[in-house]
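Shown here: target-v4.cif, mmCIF, C-alpha atoms.
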```cif
data_query
loop_
_atom_site.group_PDB
_atom_site.id
_atom_site.type_symbol
_atom_site.label_atom_id
_atom_site.label_comp_id
_atom_site.auth_asym_id
_atom_site.auth_seq_id
_atom_site.Cartn_x
_atom_site.Cartn_y
_atom_site.Cartn_z
ATOM 1 C CA MET Z 197 -16.108 9.580 17.752
ATOM 2 C CA ARG Z 198 -12.465 9.854 18.851
ATOM 3 C CA PHE Z 199 -9.693 10.420 16.356
ATOM 4 C CA GLN Z 200 -6.869 10.824 18.896
ATOM 5 C CA LEU Z 201 -4.183 8.157 18.731
ATOM 6 C CA SER Z 202 -4.023 5.620 21.540
ATOM 7 C CA ASP Z 203 -0.804 4.888 23.400
ATOM 8 C CA ASP Z 204 -0.457 1.629 21.438
ATOM 9 C CA GLN Z 205 -0.898 3.443 18.142
ATOM 10 C CA ARG Z 206 1.733 6.015 19.077
ATOM 11 C CA ALA Z 207 4.099 3.215 20.046
ATOM 12 C CA LEU Z 208 3.462 1.487 16.713
ATOM 13 C CA ARG Z 209 4.218 4.671 14.785
ATOM 14 C CA THR Z 210 7.349 5.339 16.828
ATOM 15 C CA GLY Z 211 8.579 1.787 16.344
ATOM 16 C CA MET Z 212 8.110 1.926 12.588
ATOM 17 C CA ARG Z 213 9.814 5.317 12.388
ATOM 18 C CA GLU Z 214 12.795 3.998 14.336
ATOM 19 C CA LEU Z 215 13.031 0.867 12.178
ATOM 20 C CA LEU Z 216 12.988 2.888 8.972
ATOM 21 C CA ALA Z 217 15.446 5.446 10.325
ATOM 22 C CA ARG Z 218 17.847 2.615 11.101
ATOM 23 C CA ARG Z 219 17.362 0.663 7.872
ATOM 24 C CA PHE Z 220 16.394 3.264 5.293
ATOM 25 C CA GLY Z 221 18.155 6.530 5.925
ATOM 26 C CA ARG Z 222 19.326 9.045 3.352
ATOM 27 C CA GLU Z 223 22.220 6.924 2.104
ATOM 28 C CA ALA Z 224 19.922 3.939 1.589
ATOM 29 C CA LEU Z 225 17.445 6.147 -0.252
ATOM 30 C CA ARG Z 226 20.156 7.287 -2.636
ATOM 31 C CA ALA Z 227 21.451 3.743 -3.106
ATOM 32 C CA ALA Z 228 17.945 2.574 -4.002
ATOM 33 C CA VAL Z 229 17.926 4.848 -7.067
ATOM 34 C CA GLY Z 230 20.383 2.574 -8.846
ATOM 35 C CA ARG Z 231 18.957 -0.724 -7.604
ATOM 36 C CA PRO Z 232 16.692 -2.710 -9.976
ATOM 37 C CA GLY Z 233 14.401 -4.040 -7.246
ATOM 38 C CA PRO Z 234 13.400 -3.654 -3.589
ATOM 39 C CA ASP Z 235 15.921 -4.377 -0.850
ATOM 40 C CA ARG Z 236 14.958 -7.984 -0.093
ATOM 41 C CA ALA Z 237 16.589 -7.974 3.337
ATOM 42 C CA LEU Z 238 14.650 -4.863 4.325
ATOM 43 C CA TRP Z 239 11.475 -6.362 2.833
ATOM 44 C CA ARG Z 240 11.883 -9.424 5.087
ATOM 45 C CA GLU Z 241 12.603 -7.204 8.095
ATOM 46 C CA LEU Z 242 9.385 -5.307 7.419
ATOM 47 C CA GLY Z 243 7.603 -8.638 7.236
ATOM 48 C CA ALA Z 244 9.054 -9.690 10.586
ATOM 49 C CA ALA Z 245 7.876 -6.372 12.073
ATOM 50 C CA GLY Z 246 4.318 -7.074 10.892
ATOM 51 C CA PHE Z 247 4.187 -4.359 8.246
ATOM 52 C CA PHE Z 248 2.506 -6.534 5.629
ATOM 53 C CA ALA Z 249 0.462 -8.731 8.004
ATOM 54 C CA LEU Z 250 -0.767 -5.847 10.149
ATOM 55 C CA ARG Z 251 -4.460 -6.300 9.246
ATOM 56 C CA LEU Z 252 -4.308 -10.057 8.877
ATOM 57 C CA PRO Z 253 -6.220 -11.835 11.711
ATOM 58 C CA GLU Z 254 -4.088 -13.420 14.411
ATOM 59 C CA ALA Z 255 -5.687 -16.776 13.636
ATOM 60 C CA GLN Z 256 -4.063 -16.548 10.197
ATOM 61 C CA GLY Z 257 -0.672 -15.585 11.549
ATOM 62 C CA GLY Z 258 -1.157 -11.822 11.314
ATOM 63 C CA VAL Z 259 -1.008 -8.976 13.809
ATOM 64 C CA GLY Z 260 -4.781 -8.537 13.972
ATOM 65 C CA LEU Z 261 -4.897 -4.739 13.885
ATOM 66 C CA GLY Z 262 -7.034 -2.516 11.687
ATOM 67 C CA LEU Z 263 -7.011 0.149 9.009
ATOM 68 C CA PRO Z 264 -6.069 3.035 11.359
ATOM 69 C CA GLU Z 265 -2.865 1.223 12.313
ATOM 70 C CA ALA Z 266 -2.093 0.449 8.671
ATOM 71 C CA VAL Z 267 -2.463 4.137 7.858
ATOM 72 C CA LEU Z 268 0.098 5.001 10.534
ATOM 73 C CA VAL Z 269 2.782 2.643 9.218
ATOM 74 C CA PHE Z 270 2.195 3.630 5.584
ATOM 75 C CA GLU Z 271 2.470 7.273 6.591
ATOM 76 C CA GLU Z 272 5.935 6.499 7.955
ATOM 77 C CA ALA Z 273 6.849 4.648 4.748
ATOM 78 C CA GLY Z 274 5.787 7.689 2.720
ATOM 79 C CA ARG Z 275 7.805 9.979 4.967
ATOM 80 C CA VAL Z 276 11.082 8.237 4.028
ATOM 81 C CA LEU Z 277 10.050 7.511 0.399
ATOM 82 C CA LEU Z 278 10.357 3.762 0.965
ATOM 83 C CA PRO Z 279 10.239 2.228 -2.543
ATOM 84 C CA GLY Z 280 8.531 -0.913 -3.768
ATOM 85 C CA PRO Z 281 4.971 -2.213 -4.209
ATOM 86 C CA LEU Z 282 4.197 -1.898 -0.507
ATOM 87 C CA ILE Z 283 0.436 -1.571 -0.822
ATOM 88 C CA ALA Z 284 0.047 -4.485 -3.222
ATOM 89 C CA THR Z 285 2.090 -6.765 -0.974
ATOM 90 C CA HIS Z 286 0.178 -5.612 2.118
ATOM 91 C CA LEU Z 287 -3.163 -6.318 0.449
ATOM 92 C CA ALA Z 288 -1.937 -9.727 -0.724
ATOM 93 C CA ALA Z 289 -1.001 -10.883 2.797
ATOM 94 C CA GLY Z 290 -2.937 -14.032 3.621
ATOM 95 C CA THR Z 291 -3.699 -14.652 -0.062
ATOM 96 C CA VAL Z 292 -0.311 -14.881 -1.757
ATOM 97 C CA PRO Z 293 2.112 -17.232 0.041
ATOM 98 C CA GLY Z 294 5.067 -15.358 1.511
ATOM 99 C CA ALA Z 295 3.555 -11.875 1.167
ATOM 100 C CA ALA Z 296 2.801 -11.497 4.871
ATOM 101 C CA GLU Z 297 6.375 -12.419 5.797
ATOM 102 C CA GLY Z 298 7.988 -10.161 3.200
ATOM 103 C CA GLU Z 299 9.414 -13.165 1.376
ATOM 104 C CA THR Z 300 7.250 -12.539 -1.716
ATOM 105 C CA VAL Z 301 7.111 -9.145 -3.431
ATOM 106 C CA VAL Z 302 3.689 -8.629 -4.990
ATOM 107 C CA ALA Z 303 2.840 -6.049 -7.661
ATOM 108 C CA ALA Z 304 -0.703 -5.289 -8.781
ATOM 109 C CA ALA Z 305 -2.478 -3.180 -11.400
ATOM 110 C CA ASP Z 306 -4.172 -0.263 -9.677
ATOM 111 C CA GLY Z 307 -7.497 -0.329 -11.537
ATOM 112 C CA GLY Z 308 -6.620 2.832 -13.419
ATOM 113 C CA GLY Z 309 -4.077 1.284 -15.760
ATOM 114 C CA LEU Z 310 -0.807 1.729 -13.870
ATOM 115 C CA LEU Z 311 1.347 -1.136 -12.653
ATOM 116 C CA GLU Z 312 4.322 -0.347 -10.414
ATOM 117 C CA TRP Z 313 7.400 -2.565 -9.997
ATOM 118 C CA ARG Z 314 6.181 -5.205 -12.470
ATOM 119 C CA ASP Z 315 9.588 -6.576 -13.441
ATOM 120 C CA ALA Z 316 10.945 -6.709 -9.885
ATOM 121 C CA ALA Z 317 7.979 -8.540 -8.356
ATOM 122 C CA ASP Z 318 7.679 -12.262 -7.667
ATOM 123 C CA VAL Z 319 3.915 -12.202 -8.279
ATOM 124 C CA VAL Z 320 1.959 -9.767 -10.471
ATOM 125 C CA LEU Z 321 -1.786 -9.448 -9.912
ATOM 126 C CA GLY Z 322 -4.345 -7.799 -12.165
ATOM 127 C CA GLU Z 323 -2.765 -8.294 -15.601
ATOM 128 C CA THR Z 324 -5.237 -9.679 -18.112
ATOM 129 C CA GLU Z 325 -4.265 -12.834 -19.949
ATOM 130 C CA GLY Z 326 -4.031 -13.299 -23.673
ATOM 131 C CA PRO Z 327 -1.791 -12.257 -26.542
ATOM 132 C CA GLY Z 328 -0.550 -8.702 -26.659
ATOM 133 C CA GLY Z 329 -2.058 -6.576 -29.393
ATOM 134 C CA THR Z 330 -0.655 -3.862 -31.621
ATOM 135 C CA LYS Z 331 -2.585 -0.621 -31.884
ATOM 136 C CA GLY Z 332 -3.266 0.805 -35.315
ATOM 137 C CA PRO Z 333 -3.001 4.463 -36.395
ATOM 138 C CA GLY Z 334 -5.120 6.746 -34.240
ATOM 139 C CA GLU Z 335 -5.941 4.088 -31.637
ATOM 140 C CA THR Z 336 -5.451 5.441 -28.118
ATOM 141 C CA GLU Z 337 -7.506 3.112 -25.937
ATOM 142 C CA GLY Z 338 -4.399 1.735 -24.232
ATOM 143 C CA PRO Z 339 -2.628 -1.617 -24.134
ATOM 144 C CA GLY Z 340 -4.399 -4.652 -25.454
ATOM 145 C CA PRO Z 341 -5.221 -7.728 -23.365
ATOM 146 C CA GLY Z 342 -2.094 -9.156 -21.774
ATOM 147 C CA GLU Z 343 0.049 -6.266 -22.986
ATOM 148 C CA ALA Z 344 2.105 -4.259 -20.500
ATOM 149 C CA VAL Z 345 3.856 -1.193 -21.891
ATOM 150 C CA ALA Z 346 6.879 0.161 -20.039
ATOM 151 C CA LEU Z 347 6.627 3.858 -19.217
ATOM 152 C CA ARG Z 348 9.343 6.365 -18.501
ATOM 153 C CA SER Z 349 8.665 7.186 -14.866
ATOM 154 C CA VAL Z 350 9.399 10.663 -13.560
ATOM 155 C CA ASP Z 351 10.337 9.038 -10.248
ATOM 156 C CA PRO Z 352 13.625 7.091 -10.461
ATOM 157 C CA LEU Z 353 12.411 4.944 -7.546
ATOM 158 C CA THR Z 354 9.110 3.831 -9.120
ATOM 159 C CA PRO Z 355 9.305 1.843 -12.383
ATOM 160 C CA LEU Z 356 5.972 1.883 -14.208
ATOM 161 C CA HIS Z 357 4.033 -0.080 -16.822
ATOM 162 C CA ARG Z 358 0.746 0.791 -18.472
ATOM 163 C CA VAL Z 359 -1.814 -2.024 -18.559
ATOM 164 C CA ARG Z 360 -5.473 -2.221 -19.523
ATOM 165 C CA ALA Z 361 -7.570 -0.783 -16.694
ATOM 166 C CA ARG Z 362 -9.668 -3.335 -14.824
ATOM 167 C CA GLY Z 363 -12.512 -2.001 -12.701
ATOM 168 C CA ALA Z 364 -12.597 0.381 -9.774
ATOM 169 C CA PRO Z 365 -9.572 0.768 -7.481
ATOM 170 C CA ASP Z 366 -9.577 -0.877 -4.062
ATOM 171 C CA PRO Z 367 -10.699 1.747 -1.467
ATOM 172 C CA VAL Z 368 -8.107 0.464 0.999
ATOM 173 C CA ALA Z 369 -5.382 0.939 -1.612
ATOM 174 C CA VAL Z 370 -6.618 4.485 -2.203
ATOM 175 C CA LEU Z 371 -6.523 5.280 1.516
ATOM 176 C CA LEU Z 372 -3.058 3.772 1.999
ATOM 177 C CA THR Z 373 -1.840 5.836 -0.949
ATOM 178 C CA ALA Z 374 -3.249 8.899 0.806
ATOM 179 C CA ALA Z 375 -1.331 7.862 3.936
ATOM 180 C CA GLU Z 376 1.897 7.643 1.935
ATOM 181 C CA GLN Z 377 1.197 11.072 0.464
ATOM 182 C CA LEU Z 378 0.621 12.423 3.968
ATOM 183 C CA GLY Z 379 4.007 11.096 5.064
ATOM 184 C CA THR Z 380 5.717 12.706 2.088
ATOM 185 C CA ALA Z 381 3.940 16.011 2.752
ATOM 186 C CA THR Z 382 5.071 15.863 6.375
ATOM 187 C CA ARG Z 383 8.673 15.334 5.300
ATOM 188 C CA ALA Z 384 8.465 18.235 2.845
ATOM 189 C CA CYS Z 385 7.247 20.469 5.666
ATOM 190 C CA GLU Z 386 10.060 19.297 7.957
ATOM 191 C CA LEU Z 387 12.726 19.923 5.312
ATOM 192 C CA ALA Z 388 11.346 23.376 4.485
ATOM 193 C CA VAL Z 389 11.285 24.476 8.124
ATOM 194 C CA GLU Z 390 14.759 23.058 8.777
ATOM 195 C CA HIS Z 391 16.189 24.905 5.772
ATOM 196 C CA ALA Z 392 14.393 28.131 6.695
ATOM 197 C CA ARG Z 393 15.971 28.005 10.150
ATOM 198 C CA THR Z 394 19.530 27.268 9.031
ATOM 199 C CA ARG Z 395 19.961 28.953 5.637
ATOM 200 C CA GLU Z 396 21.075 32.569 5.980
ATOM 201 C CA GLN Z 397 20.729 35.492 3.601
ATOM 202 C CA PHE Z 398 21.632 39.108 4.345
ATOM 203 C CA GLY Z 399 22.962 38.070 7.731
ATOM 204 C CA ARG Z 400 19.897 36.293 9.108
ATOM 205 C CA PRO Z 401 17.963 33.019 8.597
ATOM 206 C CA ILE Z 402 15.645 33.097 5.605
ATOM 207 C CA GLY Z 403 12.837 32.042 7.945
ATOM 208 C CA ALA Z 404 12.862 35.600 9.252
ATOM 209 C CA PHE Z 405 11.430 36.809 5.940
ATOM 210 C CA GLN Z 406 7.664 36.992 5.721
ATOM 211 C CA ALA Z 407 7.409 35.340 2.292
ATOM 212 C CA VAL Z 408 9.229 32.231 3.566
ATOM 213 C CA GLN Z 409 7.145 32.219 6.750
ATOM 214 C CA HIS Z 410 3.965 32.174 4.666
ATOM 215 C CA LEU Z 411 5.211 29.259 2.577
ATOM 216 C CA CYS Z 412 6.026 27.234 5.691
ATOM 217 C CA ALA Z 413 2.699 28.123 7.314
ATOM 218 C CA ASP Z 414 0.811 26.996 4.204
ATOM 219 C CA LEU Z 415 2.795 23.756 4.189
ATOM 220 C CA LEU Z 416 1.828 23.000 7.775
ATOM 221 C CA ALA Z 417 -1.828 23.926 7.251
ATOM 222 C CA ARG Z 418 -2.175 21.552 4.296
ATOM 223 C CA VAL Z 419 -0.390 18.738 6.154
ATOM 224 C CA GLU Z 420 -2.590 18.969 9.236
ATOM 225 C CA THR Z 421 -5.787 19.258 7.182
ATOM 226 C CA ALA Z 422 -4.815 16.163 5.199
ATOM 227 C CA ARG Z 423 -3.840 14.331 8.392
ATOM 228 C CA ALA Z 424 -7.261 14.924 9.943
ATOM 229 C CA ALA Z 425 -8.979 13.682 6.769
ATOM 230 C CA VAL Z 426 -6.781 10.577 6.396
ATOM 231 C CA TYR Z 427 -7.098 9.561 10.049
ATOM 232 C CA ALA Z 428 -10.863 10.120 9.982
ATOM 233 C CA ALA Z 429 -11.255 8.028 6.817
ATOM 234 C CA ALA Z 430 -9.259 5.233 8.459
ATOM 235 C CA VAL Z 431 -11.809 5.160 11.284
ATOM 236 C CA THR Z 432 -15.011 5.506 9.244
ATOM 237 C CA SER Z 433 -13.952 3.671 6.028
ATOM 238 C CA ALA Z 434 -16.700 5.662 4.294
ATOM 239 C CA PRO Z 435 -16.164 6.023 0.522
ATOM 240 C CA ALA Z 436 -16.714 9.790 0.616
ATOM 241 C CA ASP Z 437 -14.249 10.182 3.486
ATOM 242 C CA ILE Z 438 -11.631 8.129 1.630
ATOM 243 C CA ALA Z 439 -12.179 10.232 -1.496
ATOM 244 C CA ALA Z 440 -11.733 13.459 0.464
ATOM 245 C CA ALA Z 441 -8.619 12.091 2.165
ATOM 246 C CA ARG Z 442 -7.113 11.147 -1.187
ATOM 247 C CA LEU Z 443 -7.661 14.608 -2.674
ATOM 248 C CA LEU Z 444 -6.374 16.488 0.368
ATOM 249 C CA ALA Z 445 -3.327 14.232 0.744
ATOM 250 C CA ASP Z 446 -2.450 14.534 -2.956
ATOM 251 C CA GLU Z 447 -2.628 18.315 -2.684
ATOM 252 C CA ALA Z 448 -0.575 18.362 0.513
ATOM 253 C CA ALA Z 449 2.136 16.178 -1.022
ATOM 254 C CA VAL Z 450 2.407 17.803 -4.449
ATOM 255 C CA ARG Z 451 1.969 21.436 -3.408
ATOM 256 C CA GLY Z 452 4.006 20.818 -0.284
ATOM 257 C CA ALA Z 453 6.957 19.490 -2.259
ATOM 258 C CA ARG Z 454 6.695 22.424 -4.660
ATOM 259 C CA ASP Z 455 6.674 24.924 -1.789
ATOM 260 C CA CYS Z 456 9.592 23.095 -0.190
ATOM 261 C CA LEU Z 457 11.484 23.554 -3.451
ATOM 262 C CA GLN Z 458 10.612 27.242 -3.366
ATOM 263 C CA VAL Z 459 11.997 27.570 0.168
ATOM 264 C CA HIS Z 460 15.220 25.856 -0.904
ATOM 265 C CA GLY Z 461 15.564 28.071 -3.980
ATOM 266 C CA GLY Z 462 17.874 26.883 -6.764
ATOM 267 C CA MET Z 463 19.457 24.379 -4.384
ATOM 268 C CA GLY Z 464 16.220 22.381 -4.273
ATOM 269 C CA PHE Z 465 16.365 21.565 -7.980
ATOM 270 C CA THR Z 466 19.795 19.929 -7.804
ATOM 271 C CA TRP Z 467 20.237 16.155 -7.823
ATOM 272 C CA GLU Z 468 22.132 16.323 -4.526
ATOM 273 C CA ALA Z 469 19.072 17.656 -2.672
ATOM 274 C CA ASP Z 470 16.290 15.253 -1.684
ATOM 275 C CA VAL Z 471 13.430 17.662 -2.299
ATOM 276 C CA HIS Z 472 12.966 16.755 -5.958
ATOM 277 C CA LEU Z 473 12.550 13.095 -4.987
ATOM 278 C CA LEU Z 474 9.614 14.044 -2.770
ATOM 279 C CA LEU Z 475 7.940 15.885 -5.632
ATOM 280 C CA LYS Z 476 8.528 13.119 -8.152
ATOM 281 C CA ARG Z 477 7.096 10.422 -5.884
ATOM 282 C CA ALA Z 478 4.117 12.627 -5.041
ATOM 283 C CA TRP Z 479 3.436 13.138 -8.761
ATOM 284 C CA VAL Z 480 3.500 9.385 -9.435
ATOM 285 C CA ARG Z 481 1.210 8.548 -6.512
ATOM 286 C CA ALA Z 482 -1.222 11.272 -7.562
ATOM 287 C CA ARG Z 483 -1.683 9.390 -10.867
ATOM 288 C CA ARG Z 484 -2.510 6.053 -9.233
ATOM 289 C CA ALA Z 485 -5.942 4.627 -10.005
ATOM 290 C CA GLY Z 486 -6.482 7.189 -12.744
ATOM 291 C CA GLY Z 487 -5.756 10.237 -10.597
ATOM 292 C CA GLY Z 488 -8.250 12.078 -8.426
ATOM 293 C CA ALA Z 489 -11.070 12.234 -10.962
ATOM 294 C CA ASP Z 490 -12.968 9.313 -9.412
ATOM 295 C CA ALA Z 491 -12.686 10.878 -5.963
ATOM 296 C CA GLU Z 492 -13.961 14.212 -7.270
ATOM 297 C CA GLU Z 493 -16.929 12.536 -8.962
ATOM 298 C CA LEU Z 494 -17.794 10.588 -5.815
ATOM 299 C CA LEU Z 495 -17.700 13.701 -3.649
ATOM 300 C CA ALA Z 496 -19.772 15.618 -6.201
ATOM 301 C CA ARG Z 497 -22.445 12.909 -6.102
ATOM 302 C CA GLU Z 498 -22.442 12.998 -2.311
ATOM 303 C CA LEU Z 499 -22.857 16.769 -2.265
ATOM 304 C CA LEU Z 500 -25.655 16.702 -4.833
ATOM 305 C CA SER Z 501 -27.538 13.943 -3.038
ATOM 306 C CA GLY Z 502 -27.179 15.819 0.240
ATOM 307 C CA ALA Z 503 -28.468 19.036 -1.313
ATOM 308 C CA GLY Z 504 -31.745 17.313 -2.130
ATOM 309 C CA ARG Z 505 -32.443 16.236 1.444
#
```
Turn this file's structure into C-alpha cells for me.
Amino acid sequence: MRFQLSDDQRALRTGMRELLARRFGREALRAAVGRPGPDRALWRELGAAGFFALRLPEAQGGVGLGLPEAVLVFEEAGRVLLPGPLIATHLAAGTVPGAAEGETVVAAADGGGLLEWRDAADVVLGETEGPGGTKGPGETEGPGPGEAVALRSVDPLTPLHRVRARGAPDPVAVLLTAAEQLGTATRACELAVEHARTREQFGRPIGAFQAVQHLCADLLARVETARAAVYAAAVTSAPADIAAARLLADEAAVRGARDCLQVHGGMGFTWEADVHLLLKRAWVRARRAGGGADAEELLARELLSGAGR
C-alpha cells in the first residue's frame, strides 16, 4: 500500500496553500479575531475552489475526489488557523443547499456536546428540538433538549456552545479534525525553527543551544509521526487508524504549540505573537467529540482483541 502523495495531490496541496496565503495571511488572521462570523467572501472563494465539494461526486456537481485529498486541504486550513465551521460545511455539501458552493455556512453538534459557530451559521445541524430546560441544584448532566448554552471559549476565533450530546461522532469529522491539528502542529514547528534561527542570545542564534535543538527535534518528530498516521488513516478509513491519527495529531498540535512557546520564551505569551493562537485552537479541537477518550477506548479494544488471537 502506497502512502506517497501523487503529483495531483501535491498540486492540490500547493494550490490550497497559495490560495490561503493570498487570502488569509497574518493580517487577516488578526482581523478575524474581532469579526463575529466567517469571512463570507473567502467562504465563497473556498467554495469556488472546491474546498467544500471536494468529496462530492462529479455527477452531483462536486470535484469527485476522496478522503486523502480532503485531509490535504484541511491540513492547510489548520496550518493557517482558518476559522469557521469548515468540517460541518464540508460534510453538508450535497445535502444542505449552498454548502458545496460556500454560500451557506453550516454548523453542527459534534456528538460530544460541543457546537462551534452556532450563532454565525446559516444552518445548524444536530440540535435537539423542544423547550429548553433549567437544571436544578446538583444536576450536571448538561443542557436539556433544545437548550444551547454559550461557553467562554479559550480560542478567540472559535465561539462555542454546549448542547446535549447525540450519538457517536462522525469518523470523517474526527479524521478531518486530526488533519487540522496536523496543520497547526506543522506551523508550530515552522515558527519554532524560524525563531531559533533568527533570535540571538549571547552573540549567537538560540538554535545553537542544545536545549533549543532538542525542543525543535521533538517538534519535528511528533509532526512527522502524526502525518504518517493521518495520511494512512485517510487511505484505510479504518476506525482504529482514525483513532490513532486523532490521538497523535492532538498530541503533536498541543505539545508542539507548548514547545513553540518555550522556544519563543516570554515573547511567545504576548498577544502580539501568533504562537498562543496555535495553542488555543489546538486545545479547542482536542475537546471536540468529547476529547480523545473514545479513541483511546477503541484502540484499547483493538489491542485486547488482537492479544487473544
Atomic distance CA of Ala249 in chain Z - CA of Ala288 in chain Z, expressed in Å with one decimal: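 Calculated distance between CA of Ala249 in chain Z and CA of Ala288 in chain Z is 9.1 Å.
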Output check: residues returned by the PyMOL selection byres ((chain Z and resi 308-313) around 6), as a PyMOL selection string: chain Z and resi 305-307+314-316+355-361+485-486
Selected residue, from Z:Gly298, Z:Pro253, Z:Gly274, Z:Gly258, that lies nearest to Glu376 in chain Z when counting only C-alpha atoms: Z:Gly274
From Z:Thr285, Z:Thr300, Z:Thr380, Z:Gln397, residue lying nearest Ala237 in chain Z [only C-alpha atoms]: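 Using only C-alpha atoms, Ala237 in chain Z sits closest to Z:Thr300.
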Nearest residue to Cys385 in chain Z from the set Z:Leu278, Z:Leu250, Z:Leu415, Z:Ala296 (distances using only C-alpha atoms): Z:Leu415
Nearest-residue call for Val471 in chain Z, choices Z:Val426, Z:Leu353, Z:Leu387, Z:Ala255, using only C-alpha atoms: Z:Leu387
Residue nearest Thr421 in chain Z among Z:Val267, Z:Val408, Z:Ala445, Z:Leu208 (counting all atoms listed in the file): Z:Ala445
Of the listed residues Z:Arg275, Z:Arg209, Z:Arg442, Z:Arg348, that which approaches Glu492 in chain Z most closely, counting only C-alpha atoms: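 Using only C-alpha atoms, the shortest distance to Glu492 in chain Z belongs to Z:Arg442.
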